[in-house]
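The file data-v1.txt contains compact mmCIF, C-alpha atoms and all ligand atoms:
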```
# COMPACT_ATOMS: atom_id res chain seq x y z
CA MET A 216 10.53 17.42 7.88
CA ALA A 217 11.59 17.45 4.25
CA THR A 218 10.87 19.77 1.35
CA TRP A 219 10.43 19.08 -2.36
CA ARG A 220 14.00 20.28 -2.76
CA GLU A 221 15.19 17.51 -0.43
CA LEU A 222 13.25 14.89 -2.35
CA THR A 223 14.89 16.08 -5.56
CA ALA A 224 18.32 16.08 -3.87
CA GLU A 225 17.81 12.49 -2.68
CA LEU A 226 16.75 11.35 -6.15
CA ASP A 227 19.72 13.23 -7.61
CA ALA A 228 21.96 11.22 -5.26
CA TRP A 229 20.41 8.00 -6.62
CA HIS A 230 21.03 9.26 -10.14
CA ALA A 231 24.66 10.09 -9.36
CA ALA A 232 25.08 6.54 -8.04
CA GLY A 233 23.70 5.18 -11.31
CA ALA A 234 20.67 3.74 -9.53
CA GLN A 235 16.92 4.04 -9.96
CA ALA A 236 14.44 4.04 -7.09
CA GLY A 237 11.38 1.85 -7.57
CA LEU A 238 8.22 3.41 -6.15
CA TRP A 239 4.70 2.14 -5.77
CA TRP A 240 1.36 3.55 -4.68
CA ARG A 241 -1.18 1.81 -2.42
CA ASP A 242 -4.52 3.36 -1.51
CA ASP A 243 -6.55 1.83 1.32
CA ASP A 244 -10.17 1.31 2.37
CA ALA A 245 -11.99 1.25 -0.97
CA ALA A 246 -15.43 -0.40 -0.77
CA THR A 247 -17.71 1.51 -3.12
CA VAL A 248 -17.35 4.05 -5.91
CA THR A 249 -17.29 7.52 -4.35
CA GLY A 250 -16.33 10.94 -5.66
CA ALA A 251 -13.03 10.59 -3.80
CA LEU A 252 -12.27 7.27 -5.47
CA ARG A 253 -13.02 8.72 -8.90
CA ARG A 254 -10.71 11.61 -8.09
CA LEU A 255 -7.95 9.22 -7.02
CA VAL A 256 -8.20 7.14 -10.16
CA ALA A 257 -8.31 10.25 -12.36
CA LEU A 258 -5.16 11.54 -10.68
CA GLY A 259 -3.32 8.30 -11.37
CA LYS A 260 -4.48 8.31 -14.95
CA ARG A 261 -3.40 11.92 -15.50
CA HIS A 262 0.14 11.09 -14.43
CA GLY A 263 0.22 7.58 -15.82
CA VAL A 264 0.90 6.10 -12.38
CA PRO A 265 -0.54 2.67 -11.46
CA VAL A 266 -2.39 2.36 -8.16
CA ALA A 267 -3.12 -0.66 -5.98
CA LEU A 268 -6.48 -0.41 -4.24
CA ALA A 269 -6.66 -2.25 -0.91
CA VAL A 270 -10.35 -3.19 -0.97
CA VAL A 271 -12.31 -4.27 2.13
CA PRO A 272 -13.73 -7.58 0.86
CA ALA A 273 -16.90 -7.83 2.96
CA LYS A 274 -17.89 -4.29 1.94
CA ALA A 275 -16.87 -4.40 -1.73
CA SER A 276 -19.80 -3.42 -3.95
CA ALA A 277 -20.72 -4.60 -7.42
CA ASP A 278 -20.35 -1.05 -8.74
CA LEU A 279 -16.73 -1.03 -7.55
CA ALA A 280 -16.05 -4.22 -9.49
CA ALA A 281 -17.63 -2.74 -12.63
CA PHE A 282 -15.67 0.51 -12.18
CA VAL A 283 -12.31 -1.24 -11.73
CA SER A 284 -12.84 -3.60 -14.66
CA ASP A 285 -12.45 -0.64 -17.05
CA LEU A 286 -9.20 0.61 -15.51
CA ALA A 287 -6.02 -0.88 -16.91
CA ASP A 288 -3.69 0.69 -14.32
CA VAL A 289 -5.62 -0.34 -11.22
CA CYS A 290 -5.12 -3.57 -9.26
CA VAL A 291 -7.07 -4.80 -6.25
CA LEU A 292 -5.48 -6.19 -3.09
CA GLN A 293 -7.29 -7.79 -0.14
CA HIS A 294 -7.69 -5.41 2.80
CA GLY A 295 -8.39 -7.88 5.60
CA ILE A 296 -11.91 -9.23 6.08
CA ARG A 297 -14.38 -6.52 7.11
CA HIS A 298 -12.02 -3.96 8.70
CA ARG A 299 -13.23 -4.67 12.20
CA ASN A 300 -11.12 -4.13 15.25
CA HIS A 301 -10.47 -7.20 17.43
CA MET A 302 -7.77 -5.75 19.63
CA ILE A 303 -7.20 -7.05 23.11
CA PRO A 304 -7.94 -4.44 25.81
CA ALA A 305 -5.23 -1.74 25.91
CA GLY A 306 -3.69 -3.23 22.76
CA LYS A 307 -3.33 -1.72 19.30
CA LYS A 308 -6.05 -1.85 16.66
CA ILE A 309 -5.96 -5.13 14.77
CA GLU A 310 -8.37 -7.22 12.71
CA LEU A 311 -6.10 -10.15 11.83
CA GLY A 312 -5.27 -11.13 15.39
CA GLY A 313 -6.26 -9.92 18.85
CA THR A 314 -9.32 -11.61 20.29
CA MET A 315 -10.35 -13.38 17.07
CA PRO A 316 -9.30 -17.07 16.99
CA ARG A 317 -6.65 -17.84 14.39
CA GLN A 318 -8.69 -20.52 12.69
CA THR A 319 -11.67 -18.16 12.33
CA ILE A 320 -9.42 -15.51 10.80
CA LEU A 321 -7.98 -17.97 8.28
CA THR A 322 -11.40 -19.30 7.31
CA GLU A 323 -12.74 -15.77 6.81
CA LEU A 324 -9.65 -14.63 4.88
CA SER A 325 -10.05 -17.55 2.52
CA ARG A 326 -13.77 -16.94 2.03
CA MET A 327 -13.20 -13.25 1.36
CA LYS A 328 -10.33 -13.97 -1.01
CA ALA A 329 -12.70 -16.11 -3.07
CA ARG A 330 -15.21 -13.25 -3.05
CA LEU A 331 -12.66 -10.74 -4.39
CA GLU A 332 -11.45 -13.22 -7.03
CA ALA A 333 -15.01 -13.70 -8.25
CA MET A 334 -15.74 -9.96 -8.26
CA PHE A 335 -12.51 -8.53 -9.64
CA GLN A 336 -11.13 -11.49 -11.60
CA SER A 337 -7.82 -10.65 -13.28
CA ARG A 338 -7.65 -7.24 -11.55
CA PHE A 339 -7.22 -9.00 -8.21
CA LEU A 340 -3.75 -9.92 -6.98
CA SER A 341 -3.51 -12.39 -4.11
CA VAL A 342 -1.81 -9.90 -1.83
CA LEU A 343 -3.02 -9.34 1.72
CA VAL A 344 -3.03 -5.84 3.22
CA PRO A 345 -3.91 -6.21 6.92
CA PRO A 346 -6.10 -3.40 8.30
CA TRP A 347 -4.06 -1.05 10.50
CA ASN A 348 -1.02 -2.67 8.83
CA ARG A 349 -0.93 -5.22 11.62
CA ILE A 350 -1.16 -9.03 11.63
CA ASP A 351 -0.62 -11.74 14.24
CA ALA A 352 2.75 -13.22 13.21
CA GLY A 353 1.38 -16.68 14.04
CA LEU A 354 -0.89 -16.43 11.00
CA LEU A 355 1.91 -15.86 8.49
CA PRO A 356 2.92 -19.50 7.90
CA ALA A 357 -0.67 -20.35 6.90
CA LEU A 358 -1.07 -17.60 4.28
CA PRO A 359 0.66 -19.32 1.31
CA GLY A 360 -1.60 -22.33 1.91
CA LEU A 361 -4.62 -20.05 1.40
CA GLY A 362 -3.16 -18.96 -1.94
CA PHE A 363 -1.71 -15.62 -0.86
CA THR A 364 1.52 -14.75 -2.64
CA GLY A 365 2.12 -11.29 -1.19
CA LEU A 366 1.75 -9.22 1.95
CA SER A 367 1.91 -5.48 2.52
CA THR A 368 2.09 -3.56 5.81
CA TYR A 369 3.97 -0.41 6.80
CA GLY A 370 7.61 0.46 7.42
CA PRO A 371 10.86 -1.07 6.11
CA ARG A 372 10.30 -4.81 5.93
CA GLN A 373 12.07 -6.91 8.51
CA GLU A 374 14.64 -9.59 7.86
CA HIS A 375 12.14 -12.42 8.46
CA ALA A 376 10.09 -11.17 5.46
CA GLY A 377 12.19 -13.45 3.25
CA ARG A 378 11.26 -16.54 5.25
CA THR A 379 7.48 -16.22 5.01
CA GLY A 380 7.08 -17.66 1.51
CA LEU A 381 5.35 -14.39 0.59
CA THR A 382 6.55 -11.39 -1.38
CA TRP A 383 6.35 -8.86 1.40
CA VAL A 384 6.45 -5.25 0.17
CA ASN A 385 5.38 -2.44 2.48
CA THR A 386 4.47 1.20 2.24
CA HIS A 387 6.79 3.75 3.83
CA ALA A 388 5.19 7.18 3.51
CA ASP A 389 1.74 7.66 5.06
CA LEU A 390 -0.07 10.84 3.98
CA ILE A 391 -2.46 10.80 6.96
CA ASP A 392 -1.83 11.68 10.60
CA TRP A 393 -3.99 9.17 12.47
CA ARG A 394 -3.43 10.65 15.92
CA ALA A 395 -4.10 14.28 15.01
CA GLY A 396 -7.58 14.27 13.54
CA ARG A 397 -7.07 11.56 10.88
CA ARG A 398 -6.26 14.13 8.26
CA PHE A 399 -3.40 15.08 5.92
CA LYS A 400 -0.18 15.29 7.91
CA GLY A 401 1.26 18.03 5.70
CA THR A 402 3.60 18.00 2.72
CA GLU A 403 6.84 18.20 4.68
CA ALA A 404 5.93 15.49 7.19
CA ALA A 405 4.84 13.10 4.43
CA LEU A 406 7.93 13.85 2.35
CA GLU A 407 10.15 13.23 5.36
CA GLU A 408 9.00 9.60 5.49
CA LEU A 409 9.51 9.14 1.77
CA VAL A 410 12.96 10.73 1.71
CA ALA A 411 14.00 8.81 4.84
CA HIS A 412 13.21 5.44 3.23
CA LEU A 413 14.92 6.36 -0.03
CA ARG A 414 18.01 7.52 1.84
CA ALA A 415 18.07 4.44 4.09
CA LYS A 416 17.92 2.20 1.01
CA ARG A 417 20.64 4.14 -0.78
CA LEU A 418 22.92 3.89 2.23
CA GLY A 419 22.18 0.21 2.78
CA TRP A 420 20.55 0.66 6.20
CA VAL A 421 17.42 -1.23 5.09
CA ASP A 422 16.63 -3.78 2.39
CA ALA A 423 17.32 -1.83 -0.81
CA ARG A 424 15.38 -4.28 -2.99
CA GLU A 425 12.08 -3.31 -1.37
CA PRO A 426 10.19 -0.80 -3.53
CA THR A 427 9.31 2.39 -1.64
CA GLY A 428 5.57 2.65 -1.08
CA VAL A 429 3.32 5.68 -0.77
CA MET A 430 0.15 4.98 1.21
CA SER A 431 -2.93 7.12 0.65
CA HIS A 432 -6.50 6.93 2.00
CA HIS A 433 -8.75 8.59 -0.59
CA LEU A 434 -11.66 8.96 1.87
CA LYS A 435 -9.53 11.13 4.18
CA HIS A 436 -7.93 13.53 1.69
CA ASP A 437 -8.47 17.28 1.84
CA ASP A 438 -7.52 19.60 -1.02
CA HIS A 439 -3.98 20.05 0.31
CA CYS A 440 -3.49 16.29 0.38
CA TRP A 441 -4.77 15.90 -3.18
CA ALA A 442 -2.48 18.68 -4.35
CA MET A 443 0.55 17.16 -2.65
CA LEU A 444 -0.18 13.71 -4.04
CA GLY A 445 -0.54 15.11 -7.55
CA GLU A 446 2.74 16.95 -7.25
CA LEU A 447 4.47 13.84 -5.90
CA LEU A 448 3.24 11.70 -8.78
CA GLU A 449 4.37 14.33 -11.26
CA ARG A 450 7.79 15.05 -9.78
CA CYS A 451 8.70 11.39 -9.46
CA THR A 452 7.46 10.69 -13.00
CA LEU A 453 9.73 13.40 -14.35
CA HIS A 454 12.85 12.50 -12.36
CA PRO A 455 15.14 10.03 -14.18
CA ALA A 456 16.12 8.24 -10.95
CA ALA A 457 12.53 7.42 -9.93
CA ARG A 458 10.22 4.87 -11.50
CA TRP A 459 6.62 4.13 -10.58
CA LEU A 460 6.13 0.38 -10.69
CA ALA A 461 3.00 -1.46 -11.70
CA THR A 462 1.56 -3.43 -8.80
CA ARG A 463 2.23 -6.76 -10.51
CA GLU A 464 5.85 -5.71 -10.93
CA VAL A 465 6.11 -4.73 -7.26
CA PHE A 466 5.06 -8.17 -6.12
CA ALA A 467 7.22 -9.92 -8.68
CA LEU A 468 10.38 -7.79 -8.39
CA GLY A 469 10.11 -7.03 -4.72
CA ALA A 470 10.74 -10.59 -3.57
CA PRO A 471 13.04 -10.56 -0.56
ZN ZN A 501 -7.67 0.35 6.31
```

Just give me the structure of the file as structure tokens.
Ligand SMILES: [Zn+2]
Amino acid sequence: MATWRELTAELDAWHAAGAQAGLWWRDDDAATVTGALRRLVALGKRHGVPVALAVVPAKASADLAAFVSDLADVCVLQHGIRHRNHMIPAGKKIELGGTMPRQTILTELSRMKARLEAMFQSRFLSVLVPPWNRIDAGLLPALPGLGFTGLSTYGPRQEHAGRTGLTWVNTHADLIDWRAGRRFKGTEAALEELVAHLRAKRLGWVDAREPTGVMSHHLKHDDHCWAMLGELLERCTLHPAARWLATREVFALGAP
């Protein structure tokens, strides 16, 4: 558990070391324009923080494309295919793997990538965000051939990230507790993950070049979650040792 005071102390430690922590914000599961999505985008705008929307391609609506086209600080990433679970029995939830044949997955990913490109045009970045942050490792070598340049899952990226031919930049602080009711996990639990990644980077325990990612799910936020997210955006905007990166920057600078 970590408090706001501990986040400030960690950023102060970065500042004392003459370093700046790059942060980025990914929000998952967008498909249509909802009140929650409008609220998310308004929050980013209020604080001047760019957001990357991981959009479910098969469910993406025309109104979402029209909505995003007006928003300079919003980029679209590809959130799998249709966000369907193909896990093997007793396995973990996965769409890009499990019981679905690899060739079928690759064909569908490519088809859906073309759909997002056509719908979102220059707002779309060819970055794959696997549903449940999980992907069959056997698929990775084929992704550059489909035109993907980036990948984003969860947790400090592993050493092999640099050998995939993709700019692999993850998220590290999840605002939602998926086991306990799929709701906000609480300010201190969410901050703990954020502070832990920042500290691990500062101390050289993990790849320090990987921007630290905050993962939100606008459809699951309650008022406490919205308030915490707003405060996080604001505090990190004001601290000299933190910098919110644009999504394009994340996948250009974050190369392993
Ligand atoms: Zn998702």

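Between CA of Asp243 (chain A) and CA of Trp393 (chain A) there is a distance of 13.6 Å.
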
From CA of Ala234 (chain A) to CA of Pro455 (chain A) the spacing works out at 9.6 Å

Show me, as a PyMOL selection string, the residues that have an atom within 12 Å of Asp392 (chain A) when counting only C-alpha atoms, minus same-chain residues fewer than 6 positions from it. chain A and resi 398-402+404-405+430-432+435-436+440

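With distances restricted to only C-alpha atoms, A:Leu366 is the closest residue to Thr382 (chain A) from A:Ala257, A:Leu366, A:Leu340, A:Leu321.
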
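A distance search around ligand ZN 501 (chain A) (8 Å at most, only C-alpha atoms and all ligand atoms) returns the following protein and nucleic acid residues: A:Asp243, A:Asp244, A:Ala269, A:Val271, A:His294, A:His298, A:Pro345, A:Pro346, A:Trp347, A:Asn348, A:His432.
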
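A straight line drawn from CA of Ala352 (chain A) to CA of Leu418 (chain A) is 28.6 Å long.
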
9 Å contact set for Trp441 (chain A), only C-alpha atoms, chain neighbours under 5 positions out, as a PDB file with C-alpha atoms, keeping the file's coordinate frame:
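Contents of result.pdb, freshly written:
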```pdb
ATOM      1  CA  ARG A 254     -10.710  11.610  -8.090  1.00  0.00           C
ATOM      2  CA  LEU A 255      -7.950   9.220  -7.020  1.00  0.00           C
ATOM      3  CA  LEU A 258      -5.160  11.540 -10.680  1.00  0.00           C
ATOM      4  CA  HIS A 433      -8.750   8.590  -0.590  1.00  0.00           C
ATOM      5  CA  HIS A 436      -7.930  13.530   1.690  1.00  0.00           C
ATOM      6  CA  GLU A 446       2.740  16.950  -7.250  1.00  0.00           C
TER       7      GLU A 446
END
```

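Counting only C-alpha atoms and comparing A:Leu286, A:Val429, A:Ala467, A:Ala232, the residue that lies closest to His412 (chain A) is A:Val429.
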
Using the incomplete input, complete region 262-291 of chain A to the level of N, CA and C atoms; output as an mmCIF file, keeping the file's coordinate frame.
```cif
data_model
loop_
_atom_site.group_PDB
_atom_site.id
_atom_site.type_symbol
_atom_site.label_atom_id
_atom_site.label_comp_id
_atom_site.auth_asym_id
_atom_site.auth_seq_id
_atom_site.Cartn_x
_atom_site.Cartn_y
_atom_site.Cartn_z
ATOM 1 N N HIS A 262 -1.321 11.181 -14.507
ATOM 2 C CA HIS A 262 0.140 11.090 -14.430
ATOM 3 C C HIS A 262 0.674 9.751 -14.918
ATOM 4 N N GLY A 263 -0.214 8.886 -15.327
ATOM 5 C CA GLY A 263 0.220 7.580 -15.820
ATOM 6 C C GLY A 263 0.829 6.713 -14.727
ATOM 7 N N VAL A 264 0.340 6.857 -13.496
ATOM 8 C CA VAL A 264 0.900 6.100 -12.380
ATOM 9 C C VAL A 264 -0.088 5.014 -11.933
ATOM 10 N N PRO A 265 0.356 3.763 -11.894
ATOM 11 C CA PRO A 265 -0.540 2.670 -11.460
ATOM 12 C C PRO A 265 -0.834 2.758 -9.961
ATOM 13 N N VAL A 266 -2.036 2.354 -9.586
ATOM 14 C CA VAL A 266 -2.390 2.360 -8.160
ATOM 15 C C VAL A 266 -2.948 1.005 -7.764
ATOM 16 N N ALA A 267 -2.577 0.581 -6.554
ATOM 17 C CA ALA A 267 -3.120 -0.660 -5.980
ATOM 18 C C ALA A 267 -4.179 -0.265 -4.960
ATOM 19 N N LEU A 268 -5.406 -0.703 -5.180
ATOM 20 C CA LEU A 268 -6.480 -0.410 -4.240
ATOM 21 C C LEU A 268 -6.608 -1.551 -3.244
ATOM 22 N N ALA A 269 -6.420 -1.246 -1.953
ATOM 23 C CA ALA A 269 -6.660 -2.250 -0.910
ATOM 24 C C ALA A 269 -8.148 -2.181 -0.584
ATOM 25 N N VAL A 270 -8.881 -3.191 -1.052
ATOM 26 C CA VAL A 270 -10.350 -3.190 -0.970
ATOM 27 C C VAL A 270 -10.797 -4.051 0.222
ATOM 28 N N VAL A 271 -11.747 -3.518 0.993
ATOM 29 C CA VAL A 271 -12.310 -4.270 2.130
ATOM 30 C C VAL A 271 -13.293 -5.295 1.566
ATOM 31 N N PRO A 272 -12.952 -6.588 1.628
ATOM 32 C CA PRO A 272 -13.730 -7.580 0.860
ATOM 33 C C PRO A 272 -15.202 -7.656 1.250
ATOM 34 N N ALA A 273 -15.496 -7.652 2.558
ATOM 35 C CA ALA A 273 -16.900 -7.830 2.960
ATOM 36 C C ALA A 273 -17.761 -6.644 2.546
ATOM 37 N N LYS A 274 -17.132 -5.506 2.286
ATOM 38 C CA LYS A 274 -17.890 -4.290 1.940
ATOM 39 C C LYS A 274 -17.826 -3.956 0.463
ATOM 40 N N ALA A 275 -17.067 -4.735 -0.309
ATOM 41 C CA ALA A 275 -16.870 -4.400 -1.730
ATOM 42 C C ALA A 275 -18.191 -4.516 -2.503
ATOM 43 N N SER A 276 -18.509 -3.461 -3.238
ATOM 44 C CA SER A 276 -19.800 -3.420 -3.950
ATOM 45 C C SER A 276 -19.629 -3.825 -5.408
ATOM 46 N N ALA A 277 -20.743 -4.209 -6.010
ATOM 47 C CA ALA A 277 -20.720 -4.600 -7.420
ATOM 48 C C ALA A 277 -20.318 -3.423 -8.305
ATOM 49 N N ASP A 278 -20.714 -2.207 -7.902
ATOM 50 C CA ASP A 278 -20.350 -1.050 -8.740
ATOM 51 C C ASP A 278 -18.843 -0.819 -8.711
ATOM 52 N N LEU A 279 -18.189 -1.161 -7.596
ATOM 53 C CA LEU A 279 -16.730 -1.030 -7.550
ATOM 54 C C LEU A 279 -16.081 -2.011 -8.533
ATOM 55 N N ALA A 280 -16.593 -3.210 -8.565
ATOM 56 C CA ALA A 280 -16.050 -4.220 -9.490
ATOM 57 C C ALA A 280 -16.214 -3.758 -10.938
ATOM 58 N N ALA A 281 -17.382 -3.205 -11.256
ATOM 59 C CA ALA A 281 -17.630 -2.740 -12.630
ATOM 60 C C ALA A 281 -16.701 -1.567 -12.961
ATOM 61 N N PHE A 282 -16.521 -0.674 -11.995
ATOM 62 C CA PHE A 282 -15.670 0.510 -12.180
ATOM 63 C C PHE A 282 -14.216 0.094 -12.450
ATOM 64 N N VAL A 283 -13.717 -0.822 -11.625
ATOM 65 C CA VAL A 283 -12.310 -1.240 -11.730
ATOM 66 C C VAL A 283 -12.056 -2.026 -13.015
ATOM 67 N N SER A 284 -13.064 -2.747 -13.476
ATOM 68 C CA SER A 284 -12.840 -3.600 -14.660
ATOM 69 C C SER A 284 -12.452 -2.786 -15.893
ATOM 70 N N ASP A 285 -12.783 -1.500 -15.908
ATOM 71 C CA ASP A 285 -12.450 -0.640 -17.050
ATOM 72 C C ASP A 285 -11.086 0.034 -16.915
ATOM 73 N N LEU A 286 -10.406 -0.174 -15.784
ATOM 74 C CA LEU A 286 -9.200 0.610 -15.510
ATOM 75 C C LEU A 286 -7.951 -0.261 -15.612
ATOM 76 N N ALA A 287 -7.176 -0.020 -16.646
ATOM 77 C CA ALA A 287 -6.020 -0.880 -16.910
ATOM 78 C C ALA A 287 -4.939 -0.750 -15.832
ATOM 79 N N ASP A 288 -4.793 0.445 -15.248
ATOM 80 C CA ASP A 288 -3.690 0.690 -14.320
ATOM 81 C C ASP A 288 -4.058 0.494 -12.859
ATOM 82 N N VAL A 289 -5.170 -0.162 -12.600
ATOM 83 C CA VAL A 289 -5.620 -0.340 -11.220
ATOM 84 C C VAL A 289 -5.678 -1.826 -10.879
ATOM 85 N N CYS A 290 -5.034 -2.195 -9.766
ATOM 86 C CA CYS A 290 -5.120 -3.570 -9.260
ATOM 87 C C CYS A 290 -5.822 -3.550 -7.912
ATOM 88 N N VAL A 291 -6.374 -4.682 -7.531
ATOM 89 C CA VAL A 291 -7.070 -4.800 -6.250
ATOM 90 C C VAL A 291 -6.309 -5.770 -5.352
#
```
